[in-house]
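Novice: File name model_28.txt; file contents compact mmCIF, C-alpha atoms; full text below.
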```
# COMPACT_ATOMS: atom_id res chain seq x y z
CA MET A 1 -52.76 -100.22 5.07
CA ASP A 2 -50.77 -102.18 7.64
CA PHE A 3 -51.70 -102.47 11.32
CA ILE A 4 -48.97 -102.22 13.91
CA GLY A 5 -49.57 -102.65 17.60
CA PHE A 6 -47.37 -101.13 20.29
CA PRO A 7 -47.13 -102.47 23.80
CA GLY A 8 -48.80 -100.29 26.41
CA VAL A 9 -50.90 -98.41 23.84
CA PRO A 10 -54.59 -99.09 24.33
CA LEU A 11 -55.69 -98.06 20.86
CA PRO A 12 -54.19 -99.26 17.60
CA ILE A 13 -52.08 -96.87 15.51
CA TYR A 14 -52.54 -96.90 11.77
CA ILE A 15 -49.47 -96.05 9.71
CA THR A 16 -49.58 -95.49 6.01
CA ASN A 17 -46.80 -96.57 3.70
CA ARG A 18 -45.58 -92.96 3.38
CA SER A 19 -45.43 -92.49 7.14
CA HIS A 20 -43.51 -95.72 7.49
CA ILE A 21 -40.89 -94.48 5.05
CA PHE A 22 -40.50 -91.12 6.95
CA ILE A 23 -40.05 -92.84 10.33
CA SER A 24 -37.46 -95.18 8.91
CA ALA A 25 -35.40 -92.27 7.53
CA THR A 26 -35.52 -90.39 10.80
CA VAL A 27 -34.37 -93.37 12.84
CA LYS A 28 -31.52 -93.90 10.43
CA ALA A 29 -30.33 -90.29 10.76
CA VAL A 30 -30.39 -90.43 14.55
CA LEU A 31 -28.37 -93.64 14.60
CA THR A 32 -25.81 -92.18 12.22
CA PHE A 33 -25.33 -88.98 14.34
CA THR A 34 -24.92 -91.08 17.48
CA ALA A 35 -22.29 -93.23 15.87
CA ILE A 36 -20.29 -90.22 14.71
CA SER A 37 -20.42 -88.59 18.15
CA VAL A 38 -19.25 -91.74 19.90
CA ALA A 39 -16.38 -92.09 17.45
CA ALA A 40 -15.27 -88.51 17.93
CA LEU A 41 -15.39 -88.91 21.72
CA LEU A 42 -13.29 -92.04 21.61
CA GLN A 43 -10.78 -90.37 19.35
CA ALA A 44 -10.49 -87.34 21.66
CA CYS A 45 -9.93 -89.58 24.67
CA SER A 46 -7.25 -91.53 22.92
CA GLU A 47 -5.23 -88.42 21.84
CA SER A 48 -2.42 -87.25 24.13
CA PRO A 49 -1.79 -83.46 24.80
CA GLN A 50 0.57 -81.80 22.39
CA PRO A 51 3.92 -80.71 23.83
CA ILE A 52 4.99 -77.03 23.70
CA THR A 53 7.10 -76.59 20.63
CA ALA A 54 8.71 -73.68 18.85
CA GLU A 55 5.75 -73.64 16.50
CA ASN A 56 3.10 -72.81 19.16
CA ILE A 57 5.16 -70.25 21.22
CA LYS A 58 3.71 -66.81 20.58
CA THR A 59 5.94 -64.07 19.19
CA VAL A 60 5.34 -60.73 20.89
CA SER A 61 6.87 -57.26 21.00
CA VAL A 62 8.80 -56.60 24.22
CA ARG A 63 9.95 -53.23 25.58
CA GLU A 64 11.65 -51.84 28.67
CA ILE A 65 9.48 -49.93 31.13
CA ASP A 66 10.38 -46.24 31.33
CA ASN A 67 8.79 -44.51 34.32
CA VAL A 68 8.67 -40.71 34.15
CA ASP A 69 7.31 -37.82 36.22
CA TYR A 70 3.68 -37.36 35.32
CA PHE A 71 1.51 -34.32 35.90
CA GLU A 72 -2.25 -34.39 35.73
CA ALA A 73 -3.39 -31.23 33.94
CA ILE A 74 -6.77 -29.77 34.89
CA GLN A 75 -8.07 -26.68 33.08
CA LEU A 76 -10.73 -24.41 34.58
CA PRO A 77 -11.95 -20.88 33.76
CA GLY A 78 -11.19 -17.83 35.86
CA ILE A 79 -11.67 -14.05 35.85
CA THR A 80 -8.81 -11.60 36.30
CA ASP A 81 -9.01 -8.98 38.99
CA THR A 82 -6.69 -6.74 40.95
CA LYS A 83 -5.31 -7.31 44.38
CA SER A 84 -6.90 -4.05 45.56
CA GLN A 85 -10.25 -2.80 44.30
CA SER A 86 -12.30 0.01 45.78
CA GLN A 87 -15.54 1.84 45.26
CA LEU A 88 -14.79 5.48 45.98
CA SER A 89 -17.37 8.05 47.13
CA PHE A 90 -17.66 11.43 48.83
CA GLY A 91 -18.15 11.31 52.56
CA VAL A 92 -20.67 14.17 52.61
CA ASP A 93 -23.59 15.47 50.59
CA GLY A 94 -23.02 18.22 48.05
CA THR A 95 -22.78 19.42 44.48
CA VAL A 96 -20.04 18.02 42.25
CA SER A 97 -17.66 20.83 41.40
CA SER A 98 -15.06 19.08 39.24
CA VAL A 99 -14.22 15.63 37.87
CA ARG A 100 -10.59 15.24 36.85
CA VAL A 101 -10.45 11.57 35.79
CA ASP A 102 -12.39 9.21 33.60
CA ILE A 103 -12.50 5.49 32.83
CA GLY A 104 -9.01 4.20 32.08
CA THR A 105 -7.14 7.07 33.75
CA GLN A 106 -3.96 5.97 35.51
CA VAL A 107 -3.48 7.81 38.82
CA HIS A 108 -1.00 7.78 41.68
CA ALA A 109 -1.70 7.67 45.38
CA GLY A 110 -2.97 11.05 46.59
CA ASP A 111 -4.00 12.42 43.19
CA MET A 112 -7.28 14.38 43.24
CA MET A 113 -10.01 12.63 41.26
CA ALA A 114 -13.09 14.79 41.97
CA SER A 115 -14.35 17.46 44.37
CA LEU A 116 -17.58 19.00 45.67
CA ASP A 117 -18.49 22.62 46.21
CA GLN A 118 -16.51 23.30 49.40
CA GLU A 119 -17.90 26.70 50.41
CA PRO A 120 -20.63 25.41 52.78
CA TYR A 121 -18.10 23.23 54.57
CA ARG A 122 -15.51 26.01 54.78
CA LEU A 123 -18.11 28.27 56.37
CA ALA A 124 -19.03 25.53 58.81
CA LEU A 125 -15.37 25.12 59.68
CA GLU A 126 -14.87 28.85 60.23
CA ASN A 127 -17.93 28.97 62.48
CA ALA A 128 -16.66 26.00 64.50
CA ARG A 129 -13.27 27.64 64.88
CA SER A 130 -14.87 30.90 66.07
CA GLU A 131 -16.91 29.07 68.69
CA SER A 132 -13.83 27.21 69.78
CA GLU A 133 -11.89 30.45 70.13
CA ARG A 134 -14.61 31.98 72.32
CA ALA A 135 -14.69 28.85 74.43
CA ARG A 136 -10.92 29.03 74.79
CA VAL A 137 -11.06 32.62 76.05
CA THR A 138 -13.80 31.73 78.51
CA PHE A 139 -11.78 28.75 79.70
CA GLU A 140 -8.63 30.80 80.22
CA GLU A 141 -10.57 33.33 82.32
CA ALA A 142 -12.25 30.59 84.39
CA LYS A 143 -8.90 28.92 84.91
CA LYS A 144 -7.21 32.08 86.14
CA ASN A 145 -10.09 32.85 88.49
CA TYR A 146 -10.04 29.34 89.91
CA GLU A 147 -6.27 29.42 90.43
CA ARG A 148 -6.58 32.84 92.17
CA LEU A 149 -9.34 31.67 94.55
CA THR A 150 -7.40 28.52 95.30
CA SER A 151 -4.45 30.63 96.40
CA LEU A 152 -6.67 32.93 98.49
CA ARG A 153 -8.43 30.02 100.13
CA ALA A 154 -5.07 28.59 101.14
CA ARG A 155 -4.45 31.84 103.07
CA ASN A 156 -8.03 31.83 104.38
CA LEU A 157 -8.82 34.97 102.36
CA ALA A 158 -11.66 33.41 100.32
CA SER A 159 -14.67 31.37 101.32
CA ALA A 160 -15.12 27.75 100.46
CA GLN A 161 -18.36 28.54 98.62
CA ASP A 162 -16.59 30.99 96.27
CA LEU A 163 -13.89 28.43 95.58
CA ASP A 164 -16.47 25.73 94.78
CA ALA A 165 -18.35 28.04 92.43
CA SER A 166 -15.13 29.02 90.69
CA LYS A 167 -14.18 25.37 90.30
CA SER A 168 -17.56 24.52 88.79
CA THR A 169 -17.24 27.40 86.30
CA TYR A 170 -13.72 26.29 85.40
CA GLU A 171 -14.76 22.66 84.75
CA ASN A 172 -17.75 23.75 82.63
CA ALA A 173 -15.52 26.03 80.57
CA ARG A 174 -13.03 23.20 80.02
CA ALA A 175 -15.81 20.84 78.87
CA SER A 176 -17.19 23.50 76.53
CA LEU A 177 -13.73 24.04 75.03
CA ARG A 178 -13.32 20.33 74.38
CA ASP A 179 -16.74 20.22 72.75
CA THR A 180 -15.95 23.11 70.39
CA GLN A 181 -12.57 21.61 69.55
CA SER A 182 -14.33 18.37 68.58
CA ARG A 183 -16.66 20.35 66.34
CA VAL A 184 -13.66 21.91 64.64
CA ARG A 185 -12.16 18.51 63.95
CA LEU A 186 -15.48 17.24 62.57
CA ALA A 187 -15.81 20.31 60.34
CA GLU A 188 -12.27 19.77 59.08
CA ARG A 189 -13.09 16.14 58.42
CA ASP A 190 -16.26 17.04 56.51
CA LEU A 191 -14.29 19.50 54.42
CA SER A 192 -11.70 16.84 53.57
CA LYS A 193 -14.48 14.49 52.49
CA THR A 194 -15.52 16.90 49.74
CA VAL A 195 -12.53 15.64 47.76
CA ILE A 196 -11.85 12.14 46.42
CA ASN A 197 -8.15 11.31 46.28
CA ALA A 198 -6.65 8.11 44.89
CA PRO A 199 -5.97 5.78 47.85
CA TYR A 200 -3.12 4.06 45.99
CA ASP A 201 -1.64 3.73 42.51
CA GLY A 202 -4.13 2.33 40.07
CA MET A 203 -6.62 2.87 37.30
CA VAL A 204 -10.18 4.17 37.14
CA SER A 205 -12.41 1.34 35.94
CA GLY A 206 -15.80 3.03 36.44
CA ARG A 207 -17.20 6.58 36.72
CA ARG A 208 -20.71 7.41 37.93
CA ILE A 209 -20.75 11.16 38.58
CA GLU A 210 -20.87 14.30 36.45
CA PRO A 211 -20.09 17.96 37.23
CA PHE A 212 -22.87 19.98 38.93
CA GLU A 213 -24.63 16.78 39.95
CA GLU A 214 -26.11 16.58 43.43
CA VAL A 215 -24.74 13.56 45.27
CA THR A 216 -25.26 12.05 48.68
CA ALA A 217 -22.73 10.73 51.15
CA ASN A 218 -21.39 7.27 50.28
CA GLN A 219 -22.90 7.35 46.77
CA VAL A 220 -20.42 5.46 44.55
CA ALA A 221 -18.53 7.89 42.32
CA PHE A 222 -15.68 5.74 40.97
CA THR A 223 -14.68 2.11 40.75
CA PHE A 224 -10.93 1.99 41.27
CA ASP A 225 -8.54 -0.87 40.55
CA GLY A 226 -5.22 -0.78 42.31
CA ALA A 227 -1.96 -1.48 40.56
CA GLY A 228 0.35 -4.24 41.68
CA ALA A 229 0.15 -8.01 41.63
CA GLY A 230 -2.98 -9.19 39.80
CA ILE A 231 -5.22 -11.98 40.94
CA VAL A 232 -7.54 -14.49 39.30
CA GLU A 233 -10.80 -15.53 40.94
CA SER A 234 -11.87 -19.06 40.12
CA SER A 235 -13.39 -22.16 41.68
CA VAL A 236 -12.30 -25.78 41.85
CA PRO A 237 -14.13 -29.08 42.48
CA GLU A 238 -13.81 -30.85 45.80
CA THR A 239 -11.22 -33.38 44.64
CA LEU A 240 -8.90 -30.66 43.34
CA ALA A 241 -9.48 -28.50 46.42
CA MET A 242 -8.33 -31.36 48.65
CA ARG A 243 -5.21 -31.86 46.53
CA LEU A 244 -4.40 -28.15 46.64
CA GLN A 245 -4.74 -28.18 50.42
CA ASN A 246 -2.40 -31.16 50.78
CA ARG A 247 0.30 -29.89 48.41
CA ASN A 248 2.47 -26.85 49.06
CA ASP A 249 3.78 -26.35 45.53
CA PRO A 250 1.17 -27.10 42.86
CA GLU A 251 2.20 -25.89 39.41
CA ILE A 252 -0.40 -23.35 38.28
CA SER A 253 -0.45 -21.23 35.14
CA VAL A 254 -2.84 -18.56 33.89
CA ASN A 255 -3.22 -18.44 30.11
CA HIS A 256 -4.67 -15.63 28.01
CA ARG A 257 -4.27 -14.97 24.27
CA GLY A 258 -1.17 -17.10 23.94
CA ARG A 259 0.55 -15.66 27.01
CA SER A 260 1.15 -17.71 30.11
CA PHE A 261 1.79 -16.51 33.66
CA ARG A 262 2.90 -18.46 36.69
CA ALA A 263 0.50 -18.22 39.61
CA SER A 264 0.13 -19.43 43.17
CA VAL A 265 -2.76 -20.04 45.55
CA ALA A 266 -3.40 -16.91 47.63
CA HIS A 267 -6.63 -18.01 49.32
CA LEU A 268 -8.66 -21.23 49.19
CA SER A 269 -12.07 -21.35 50.80
CA ARG A 270 -12.90 -24.22 53.14
CA ARG A 271 -16.60 -23.77 52.39
CA ALA A 272 -18.17 -24.99 49.15
CA ASN A 273 -20.02 -22.54 46.97
CA GLU A 274 -23.64 -23.74 46.85
CA GLY A 275 -22.43 -27.26 47.51
CA LEU A 276 -20.66 -27.53 44.15
CA ASP A 277 -17.13 -26.14 44.24
CA PHE A 278 -14.67 -24.17 46.35
CA PRO A 279 -13.76 -20.53 45.61
CA VAL A 280 -10.04 -19.97 45.10
CA LYS A 281 -8.05 -16.77 44.62
CA LEU A 282 -4.78 -17.03 42.66
CA GLN A 283 -1.98 -14.48 42.65
CA ILE A 284 -0.19 -13.93 39.33
CA ASP A 285 3.58 -13.86 39.67
CA ALA A 286 4.46 -11.24 37.03
CA THR A 287 5.29 -7.56 36.59
CA ASP A 288 2.57 -4.94 36.27
CA GLU A 289 3.22 -4.35 32.57
CA GLU A 290 2.66 -8.00 31.68
CA LEU A 291 -0.59 -8.51 33.55
CA PRO A 292 -3.84 -8.95 31.65
CA SER A 293 -6.49 -6.33 32.29
CA PRO A 294 -8.99 -6.92 35.11
CA GLY A 295 -12.32 -8.52 34.25
CA LEU A 296 -11.05 -10.88 31.52
CA VAL A 297 -11.92 -14.57 31.27
CA VAL A 298 -8.73 -16.65 31.35
CA SER A 299 -7.84 -20.33 31.42
CA VAL A 300 -6.24 -21.67 34.60
CA THR A 301 -4.19 -24.86 34.33
CA TYR A 302 -3.44 -26.86 37.46
CA ARG A 303 -0.57 -29.36 37.00
CA ILE A 304 -0.71 -31.85 39.87
CA PRO A 305 2.17 -34.36 40.10
CA GLU A 306 1.02 -37.97 40.28
CA GLU A 307 2.82 -40.11 42.86
CA GLY A 308 4.14 -43.58 42.06
CA ASN A 309 5.64 -45.20 38.96
CA ILE A 310 3.99 -43.77 35.84
CA ALA A 311 4.82 -44.98 32.33
CA LEU A 312 3.42 -44.51 28.84
CA VAL A 313 2.66 -47.92 27.29
CA PRO A 314 1.07 -48.73 23.90
CA HIS A 315 -2.63 -49.44 23.73
CA GLY A 316 -1.91 -53.05 22.78
CA ALA A 317 0.01 -53.63 26.02
CA VAL A 318 -3.00 -53.17 28.29
CA VAL A 319 -5.47 -56.02 28.75
CA VAL A 320 -8.70 -55.87 30.73
CA ALA A 321 -9.63 -58.90 32.83
CA PRO A 322 -12.99 -60.32 31.66
CA VAL A 323 -14.17 -61.13 35.20
CA ASP A 324 -13.57 -57.97 37.27
CA GLY A 325 -12.57 -55.56 34.50
CA ALA A 326 -9.20 -54.77 36.14
CA PRO A 327 -6.50 -53.65 33.64
CA PHE A 328 -3.08 -55.32 33.60
CA ILE A 329 0.04 -55.76 31.50
CA TYR A 330 2.34 -58.76 31.09
CA ARG A 331 5.79 -58.61 32.61
CA TYR A 332 8.34 -60.61 30.62
CA ASP A 333 10.91 -62.75 32.46
CA GLN A 334 13.98 -62.98 30.29
CA GLU A 335 15.38 -66.03 32.12
CA THR A 336 12.34 -68.26 31.86
CA GLY A 337 10.87 -66.73 28.72
CA THR A 338 7.44 -66.55 30.38
CA VAL A 339 5.05 -63.72 31.09
CA SER A 340 3.25 -62.86 34.32
CA ARG A 341 0.23 -60.66 34.85
CA THR A 342 0.98 -57.29 36.54
CA PRO A 343 -1.94 -55.04 37.60
CA VAL A 344 -1.86 -51.39 36.49
CA THR A 345 -4.03 -48.32 37.00
CA ILE A 346 -4.89 -46.26 33.93
CA ILE A 347 -4.23 -42.58 34.70
CA ASN A 348 -4.87 -41.09 31.27
CA SER A 349 -5.27 -42.04 27.64
CA GLY A 350 -3.61 -40.48 24.60
CA THR A 351 -3.01 -41.13 20.94
CA GLN A 352 0.31 -42.85 21.70
CA GLY A 353 -1.01 -45.11 24.44
CA TYR A 354 -2.07 -45.24 28.08
CA TRP A 355 -0.43 -43.51 31.02
CA VAL A 356 -0.46 -46.23 33.67
CA LYS A 357 0.61 -46.48 37.30
CA ASN A 358 2.53 -49.72 37.79
CA ASP A 359 4.75 -51.69 40.17
CA LEU A 360 7.60 -52.15 37.67
CA THR A 361 10.95 -50.40 37.82
CA ASN A 362 12.92 -48.84 35.01
CA GLY A 363 14.45 -51.52 32.82
CA ASP A 364 11.86 -54.22 33.51
CA LEU A 365 10.50 -55.83 30.35
CA TYR A 366 6.83 -55.97 29.40
CA VAL A 367 4.80 -57.13 26.42
CA ALA A 368 4.13 -54.04 24.31
CA ALA A 369 2.07 -55.69 21.54
CA GLY A 370 0.18 -58.98 21.27
CA ALA A 371 -0.82 -59.07 24.93
CA ALA A 372 -4.41 -59.93 24.05
CA PHE A 373 -3.35 -63.28 22.52
CA ILE A 374 -1.32 -64.71 25.40
CA SER A 375 -2.11 -65.86 28.92
CA ASP A 376 -0.54 -65.73 32.36
CA GLY A 377 2.51 -67.99 32.66
CA GLN A 378 2.78 -68.64 28.92
CA ARG A 379 6.14 -68.85 27.18
CA VAL A 380 6.66 -66.23 24.49
CA ARG A 381 9.38 -65.23 22.06
CA PRO A 382 10.35 -61.54 21.74
CA THR A 383 10.29 -60.15 18.24
CA GLY A 384 13.67 -60.60 16.55
CA ALA A 385 14.83 -63.40 18.88
CA ASP A 386 16.41 -66.57 17.48
CA GLN A 387 13.91 -69.24 16.36
```
Please rewrite the model in this file as structure tokens.
Specialist:
Amino acid sequence: MDFIGFPGVPLPIYITNRSHIFISATVKAVLTFTAISVAALLQACSESPQPITAENIKTVSVREIDNVDYFEAIQLPGITDTKSQSQLSFGVDGTVSSVRVDIGTQVHAGDMMASLDQEPYRLALENARSESERARVTFEEAKKNYERLTSLRARNLASAQDLDASKSTYENARASLRDTQSRVRLAERDLSKTVINAPYDGMVSGRRIEPFEEVTANQVAFTFDGAGAGIVESSVPETLAMRLQNRNDPEISVNHRGRSFRASVAHLSRRANEGLDFPVKLQIDATDEELPSPGLVVSVTYRIPEEGNIALVPHGAVVVAPVDGAPFIYRYDQETGTVSRTPVTIINSGTQGYWVKNDLTNGDLYVAAGAAFISDGQRVRPTGADQ
């Protein structure tokens, strides 16, 4: 065993023959790696940059930009309804005498739908008319007497006290007549309320009474849907509500079972429903025969035009910047043969590519394929160009 001393080491280190061989091999490997690295560094420093040649110019696919009108389509559910809907009832208490309509019956304005037993109300009307007639006779007598005393008083043939008494009787009789006449009108009104007539053309959508049933005033007897332009009740999110408020002619369609109807915004609430969306009422622009029945779930499509230059470009044309994640495409300059980065905004994605908003005009060239393998300012060769 050999003894080797190292400067600065207080204790001796004993190295066996095997350890000596291992250390020697390690030192040799380190020296070899250092020599190779230095040689490679010197070689790299001595090489000059390669000039751009036809061999290292990338070949890419180039197309003309084609901006088109783009509509953002948003689909939301809705429920069909009618423009006029009423809950019909009798205006007085009574016993149902007849019911002439049922669910689904089409009626016209003024058609009788149901009636109550009218005899109690006819008797009340006759009694009111009799009282009114007696009050009228009393009034006529009081009036004649007052007019007679007025004439006599003018000739000083009647006392002032008699004239005042006659005037008081006359005024009381007139008030009584007016009161009885009001009772007659109320009795006539009560009698008319024993019958339910259709307020307008429409269809019975609900029936809640039966013959001989005792009903009370304002108890719902029928649900009645008016004919005419149909509506769709729906709701829209805040972003769409703002766009509908700012645009006068959004393109809206109502779709049901393969049929489509044009529609327009009739009412748009300015208050959110439970903080989530805004109620909207749409009017269907179609004839009565074509309208879907009330109460159906339909699909409402809002087509909102997007402003600016919108083009459909292939997926391979769009590159995302690694730093800020902003998408862009490469515009191709035919004169210099170079490309330049042009920012875009992705509006939508489809199987054929991306719909992007851009600053290019129709006819400008852009790299449609191979954009991921080039860089800003690089010279490229369009596919099919001369070598």
Novice: Do a neighbour search on region 111-125 of chain A at 7 Å with only C-alpha atoms, toss out local chain neighbours closer than 4 positions, and write the hits as a PyMOL selection string.
Specialist: chain A and resi 94-101+107+129+184+187-188+190-191+194-198
Novice: Hey, what's within 10 Å of region 68-71 of chain A if we count only C-alpha atoms and toss same-chain stuff fewer than 2 positions away? As JSON, numbers by chain, please?
Specialist: {"A": [65, 66, 73, 74, 251, 302, 303, 304, 305, 306, 307, 308, 309, 310, 311, 312, 347, 355, 356, 357, 362]}
Novice: Save the residues we just selected, C-alpha atoms, as a CSV table (one decimal), in the frame of the given file?
Specialist:
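That gives us selection_34.csv:
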```csv
chain,number,residue,atom,x,y,z
A,65,ILE,CA,9.5,-49.9,31.1
A,66,ASP,CA,10.4,-46.2,31.3
A,73,ALA,CA,-3.4,-31.2,33.9
A,74,ILE,CA,-6.8,-29.8,34.9
A,251,GLU,CA,2.2,-25.9,39.4
A,302,TYR,CA,-3.4,-26.9,37.5
A,303,ARG,CA,-0.6,-29.4,37.0
A,304,ILE,CA,-0.7,-31.8,39.9
A,305,PRO,CA,2.2,-34.4,40.1
A,306,GLU,CA,1.0,-38.0,40.3
A,307,GLU,CA,2.8,-40.1,42.9
A,308,GLY,CA,4.1,-43.6,42.1
A,309,ASN,CA,5.6,-45.2,39.0
A,310,ILE,CA,4.0,-43.8,35.8
A,311,ALA,CA,4.8,-45.0,32.3
A,312,LEU,CA,3.4,-44.5,28.8
A,347,ILE,CA,-4.2,-42.6,34.7
A,355,TRP,CA,-0.4,-43.5,31.0
A,356,VAL,CA,-0.5,-46.2,33.7
A,357,LYS,CA,0.6,-46.5,37.3
A,362,ASN,CA,12.9,-48.8,35.0
```
Novice: For each of A:Val265, A:Gln334, A:Arg271, A:Ala372, take the minimum atom-to-atom distance to Val318 (chain A), counting all atoms listed in the file, then give the residue where this is smallest.
Specialist: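 For Val318 (chain A), the nearest of the given residues is A:Ala372.
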Novice: Might you pull out every residue within 9 Å of Val204 (chain A), with all atoms listed in the file counted and same-chain residues fewer than 2 positions away left off, and present them as a PyMOL selection string?
Specialist: chain A and resi 101-107+202+206-207+222-226
Novice: Which one is closest to Val92 (chain A): A:Arg381, A:Arg262, A:Arg208, A:Lys193? Count only C-alpha atoms.
Specialist: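 Going through A:Arg381, A:Arg262, A:Arg208, A:Lys193 one by one, the smallest distance to Val92 (chain A) is for A:Lys193.
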Novice: Fewer than 5 positions away in the same chain doesn't count, so skip those; otherwise give me all residues within 7 Å of Val313 (chain A), counting all atoms listed in the file, as a PyMOL selection string.
Specialist: chain A and resi 353-355+368
Novice: Go ahead and save the picked residues with C-alpha atoms, as a PDB file, in the coordinates of the input.
Specialist:
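The resulting file, result30.pdb, is reproduced below:
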```pdb
ATOM      1  CA  GLY A 353      -1.010 -45.110  24.440  1.00  0.00           C
ATOM      2  CA  TYR A 354      -2.070 -45.240  28.080  1.00  0.00           C
ATOM      3  CA  TRP A 355      -0.430 -43.510  31.020  1.00  0.00           C
ATOM      4  CA  ALA A 368       4.130 -54.040  24.310  1.00  0.00           C
TER       5      ALA A 368
END
```
Novice: Need the shell around Arg63 (chain A): protein/DNA/RNA residues with any atom at most 12 Å away, counting all atoms listed in the file. Skip same-chain ones fewer than 6 positions apart. Format as a short mmCIF file (atom, residue, chain, number, x, y, z; two decimals) with C-alpha atoms, in the coordinates of the input?
Specialist:
```cif
data_model
loop_
_atom_site.label_atom_id
_atom_site.label_comp_id
_atom_site.auth_asym_id
_atom_site.auth_seq_id
_atom_site.Cartn_x
_atom_site.Cartn_y
_atom_site.Cartn_z
CA ALA A 311 4.82 -44.98 32.33
CA LEU A 312 3.42 -44.51 28.84
CA VAL A 313 2.66 -47.92 27.29
CA PRO A 314 1.07 -48.73 23.90
CA ALA A 317 0.01 -53.63 26.02
CA ILE A 329 0.04 -55.76 31.50
CA TYR A 330 2.34 -58.76 31.09
CA ARG A 331 5.79 -58.61 32.61
CA TYR A 332 8.34 -60.61 30.62
CA ASP A 333 10.91 -62.75 32.46
CA GLN A 334 13.98 -62.98 30.29
CA ASN A 362 12.92 -48.84 35.01
CA GLY A 363 14.45 -51.52 32.82
CA ASP A 364 11.86 -54.22 33.51
CA LEU A 365 10.50 -55.83 30.35
CA TYR A 366 6.83 -55.97 29.40
CA VAL A 367 4.80 -57.13 26.42
CA ALA A 368 4.13 -54.04 24.31
CA ALA A 369 2.07 -55.69 21.54
CA PRO A 382 10.35 -61.54 21.74
CA THR A 383 10.29 -60.15 18.24
#
```
Novice: Quote the spacing between CA of Thr336 (chain A) and CA of His315 (chain A) in Å to one decimal place.
Specialist: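 About the pair CA of Thr336 (chain A) and CA of His315 (chain A): they are 25.4 Å apart.
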Novice: Using all atoms listed in the file, find the one residue out of A:Ser293, A:Ser84, A:Asn145, A:Ser340 that sits nearest to Arg257 (chain A).
Specialist: A:Ser293
Novice: How many Å lie between CA of Asn127 (chain A) and CA of Arg183 (chain A), rounded to one decimal?
Specialist: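 Result for CA of Asn127 (chain A) versus CA of Arg183 (chain A): 9.5 Å, one decimal.
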Novice: I need the residue nearest His267 (chain A) from this list: A:Val232, A:Glu238, A:Val220, A:Asn255. Use all atoms listed in the file for the distance.
Specialist: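 Among the listed residues, the smallest separation from His267 (chain A) belongs to A:Val232.
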Novice: Quote the spacing between CA of Arg136 (chain A) and CA of Ala165 (chain A) in Å to one decimal place.
Specialist: 19.2 Å
